[in-house]
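Enquirer: Attaching a single structure in structure tokens format; questions to follow.
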Amino acid sequence: MDNSLSSLDLRALLRLMFLSREGDRREGILLRQGKGWFQVSGTGHETLGVVSLCLRPDDYLFPYYRDRAVALARGVTTAELASAYLAKASSSSGGRQMPGHYSDRSKNIFSVATPTAAQCLPAAGAAWGFKLAGTDQVAVVMVGDAATRQGEFYEAIAFALQESLPVVFIIEDNRYGISTPTDKFFPFRIGALGEKALVRVNARDPELLHETMQASIAKARAGEGPTVLWCELDRLCSHTSSDDQRLYRDADELAIEAAQDPIALLAQKLIAEGKLTEAQWETEQAEIVAEVDTAYRAAEQEPDPRPEPMTHLFGPESAPVSSPFRSAEPTTMVAAVNETLKHALAQNEKVILFGEDIEDPKGGVFGLTKGLTVAFPQQVFNAPLAEATILGTAVGLAATGYMPLFEIQFTDFLPPAFNQLLTNVANLRWRTCGDWSCPMVILSPYGAYLPGGSIWHSESNEGIWAHVHGLHVVIPSTPEDAAGLLWTAIHGNDPTLFLLPKHIFRKRGQVSESPAPIPLGKAVIRKPGKEITLVTFGNCIEVAEEAIEQSGLSVELIDLRSIAPLDYETIAESLSRTGRLVVVHEDARTTGIGQAIITEMTACPERFQLLYSAPQLVARQDTYIGFNPILEYAALPSVSQVVEALRRVME
């Protein structure tokens, strides 16, 4: 089969490239007129529109912000790009993202995030989903040359090679990262990465690029693994509208690159070959100029977005269903989680477990996944020692219809994945106005009160995770709650960080014969009382129970169970009965959940008037957990501190 570009294809490509260029030019004019706030141009990168011409509708595209021509070739209209430039309500992000952040679920164009290379791991995750499903779909991910120094770029390539995934990585090498020449930074140019799967191409030539791209796609569809396509081209513009490349680039260098303008070269080629006349080309350019002018004038008249910043943080709330977990004898949270995961895997083949050391015979460092590989070998997989890979591939799997239930071995190890958590997992729904979403569960043991863990195995940091908008944060304290909350999270529409308190997750507890569904964000009263409301969760439940017993006071004990969302109503209702408040948590005091609760209870006049005394907070000192148990327990909330707080509010 001849996959080369015909003369008609080249004519159409030339029009597409000029359409992209004219859109960039028009936005530059509008910006100078004070219409708009920011622009990122794809001038010089227009030949990459060829990439979309090589894809099927069911393939997935993960572009970056200089890929205007790629988006147009994929079917995004100039009118849609005009709305995005002017941040109108009808744009793909509803005015929430900068221009150039393309997204269209109907065309499988994954939403662009500004942090460079953040799209690479989700693309690998999508490709993994295609392989697991047995389809011949392909994921294509595009990055700038400067972004190749991001660690996630390497992680994505490593995972794609490891699993022989159907993904093509396209590096748009224009030799600049804003003002910095990348010659000494680009890993393939300096020999920092091997050349396995690497193909270098002069992307200024659309025919050569098309031929190379077709071969890469064919390789991926045949199950022969990824290709890294090194595309050499030129950035014929400043980095963005906030930049002026004339300040750091030599005039001769700019002149040389201008002479390599791919639009001019392709037009000259077609004219020289008699496939296009100069008069025809002038007419076509005038038509495109008018088309772009019409689109941007119409976009100026479109409605602006309404100030509704909270919309699309979460999807529709799914009705919680009763957990299938049953246990005639007292059991542990570890066993409850294991059995719940087993039910989820059996119920839905799209449920995937992925994490470090989770395969049998080990079954995870805490045994959370013991026996699951044996029972479900096609759904349970060991991950490399790379937390960003775990969360990033989960994003891509979720985008292709899977339900990732992925484990981070200790909450302390979430920081390497923090970029994906903030950049894609939590805000994907918000930044696309619900067009894309990321349902998943991140399982992670957390917390201290278990000597010998030290700084990187004993932190809790739930205040940090609760600050991530668009993320549910759940912390059970009983086996029944662990099963019920996990089952609700698995059937939810949004990402959930499921924290398992290590000190008590082997503590035995009874499970009801017919447990009721447990919604996220609903606290429970563990012990009724008349004099004081004590709010806590996780490991501190045990501390609080002992303190209540020692105090001899009538204390109502509230277990939050979820800290995002947080059940302020139950706390306020309890205060209406007791009038006194103590909050206990093992996270650091400053900006912890306790300070948020006390603020909410005292900032509202109706709630403030319920209080008989100043609320008290017992929390970890603003420091780290040491290895010696003396150091660990010195930093953590103690029973004696809670007793003191209970007595203080009674004064």
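Naming scheme: A, B, ... for chains in displayed order of the structure tokens; residues 1 onward per chain; ligands 1 onward as shown.
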Set the distance at 12 Å and use only C-alpha atoms: which residues neighbour segment 362-367 of chain A once local chain neighbours fewer than 4 positions away are removed? I'd like the list as an NGL selection string.

Expert: :A and (332-339 or 353-358 or 371-375 or 380-383 or 406-410 or 443-446 or 500-503 or 505-506)

Enquirer: Can you list, as a VMD selection string, every protein, DNA or RNA residue that comes within 12 Å of Asp243 of chain A when you count only C-alpha atoms, leaving out same-chain residues fewer than 6 positions away?

Expert: chain A and resid 38 to 41 177 to 179 237 249

Enquirer: Would you save the residues of that selection, restricted to C-alpha atoms, as a CSV table (one decimal), in the first residue's frame?

Expert:
```csv
chain,number,residue,atom,x,y,z
A,38,PHE,CA,-1.7,35.6,26.4
A,39,GLN,CA,-0.7,33.7,23.3
A,40,VAL,CA,1.5,30.8,22.6
A,41,SER,CA,2.3,30.3,18.9
A,177,GLY,CA,13.7,26.1,25.9
A,178,ILE,CA,12.3,29.6,26.1
A,179,SER,CA,15.6,31.5,25.8
A,237,CYS,CA,8.4,33.0,16.8
A,249,ARG,CA,18.9,35.2,19.4
```

Enquirer: Excluding Ser91 of chain A and its own-chain neighbours fewer than 6 positions away, which residues fall within 10 Å of it when counting only C-alpha atoms? Please give them as a PyMOL selection string.

Expert: chain A and resi 79-85+97+99+102-103+299+302+304-305+432-433

Enquirer: With C-alpha atoms retained, export the selected residues as a PDB file, in the first residue's frame.

Expert:
```pdb
ATOM      1  CA  ALA A  79     -13.760  28.906  15.770  1.00  0.00           C
ATOM      2  CA  GLU A  80     -13.053  26.644  18.771  1.00  0.00           C
ATOM      3  CA  LEU A  81      -9.474  27.900  18.968  1.00  0.00           C
ATOM      4  CA  ALA A  82     -10.698  31.478  18.775  1.00  0.00           C
ATOM      5  CA  SER A  83     -13.025  30.843  21.721  1.00  0.00           C
ATOM      6  CA  ALA A  84     -10.128  29.339  23.649  1.00  0.00           C
ATOM      7  CA  TYR A  85      -7.865  32.298  22.888  1.00  0.00           C
ATOM      8  CA  GLN A  97      -6.950  27.303  30.755  1.00  0.00           C
ATOM      9  CA  PRO A  99      -4.758  29.286  24.902  1.00  0.00           C
ATOM     10  CA  TYR A 102      -6.071  21.787  23.553  1.00  0.00           C
ATOM     11  CA  SER A 103      -8.662  19.266  24.706  1.00  0.00           C
ATOM     12  CA  ALA A 299     -15.669  34.658  19.117  1.00  0.00           C
ATOM     13  CA  GLU A 302     -19.503  34.996  22.575  1.00  0.00           C
ATOM     14  CA  ASP A 304     -17.762  35.093  28.870  1.00  0.00           C
ATOM     15  CA  PRO A 305     -17.733  32.374  31.534  1.00  0.00           C
ATOM     16  CA  THR A 432     -12.028  20.462  30.975  1.00  0.00           C
ATOM     17  CA  CYS A 433     -15.435  21.369  32.446  1.00  0.00           C
TER      18      CYS A 433
END
```

Enquirer: Out of segment 390-570 of chain A, which residues get alpha helix (DSSP H) from DSSP, as an MDAnalysis selection string?

Expert: chainID A and resid 390:399 418:420 428:431 462:466 479:490 540:551 568:570

Enquirer: Considering only C-alpha atoms, return as a count of residues only whatever protein or nucleic-acid residues lie within 10 Å of Glu569 of chain A, sequence-local ones (same chain, fewer than 6 positions apart) excluded.

Expert: 4

Enquirer: Please report the interatomic distance between atom CA of Phe314 of chain A and atom CA of Ile442 of chain A in Å with one decimal.

Expert: 16.4 Å

Enquirer: For Val582 of chain A, which of A:Asp252, A:Ile518, A:Glu600, A:Arg647 is the closest residue, counting only C-alpha atoms?

Expert: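 Selected residue with least distance to Val582 of chain A: A:Arg647.
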
Enquirer: Measure the distance from atom CA of Asp435 of chain A to atom CA of His472 of chain A in Å and round it to one decimal.

Expert: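 Taking atom CA of Asp435 of chain A as the start and atom CA of His472 of chain A as the end point, the length is 19.3 Å.
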
Enquirer: Fewer than 5 positions away in the same chain doesn't count, so skip those; otherwise give me all residues within 10 Å of Lys35 of chain A, counting only C-alpha atoms, as a ChimeraX atom specification.

Expert: /A:27-30,85-86,300
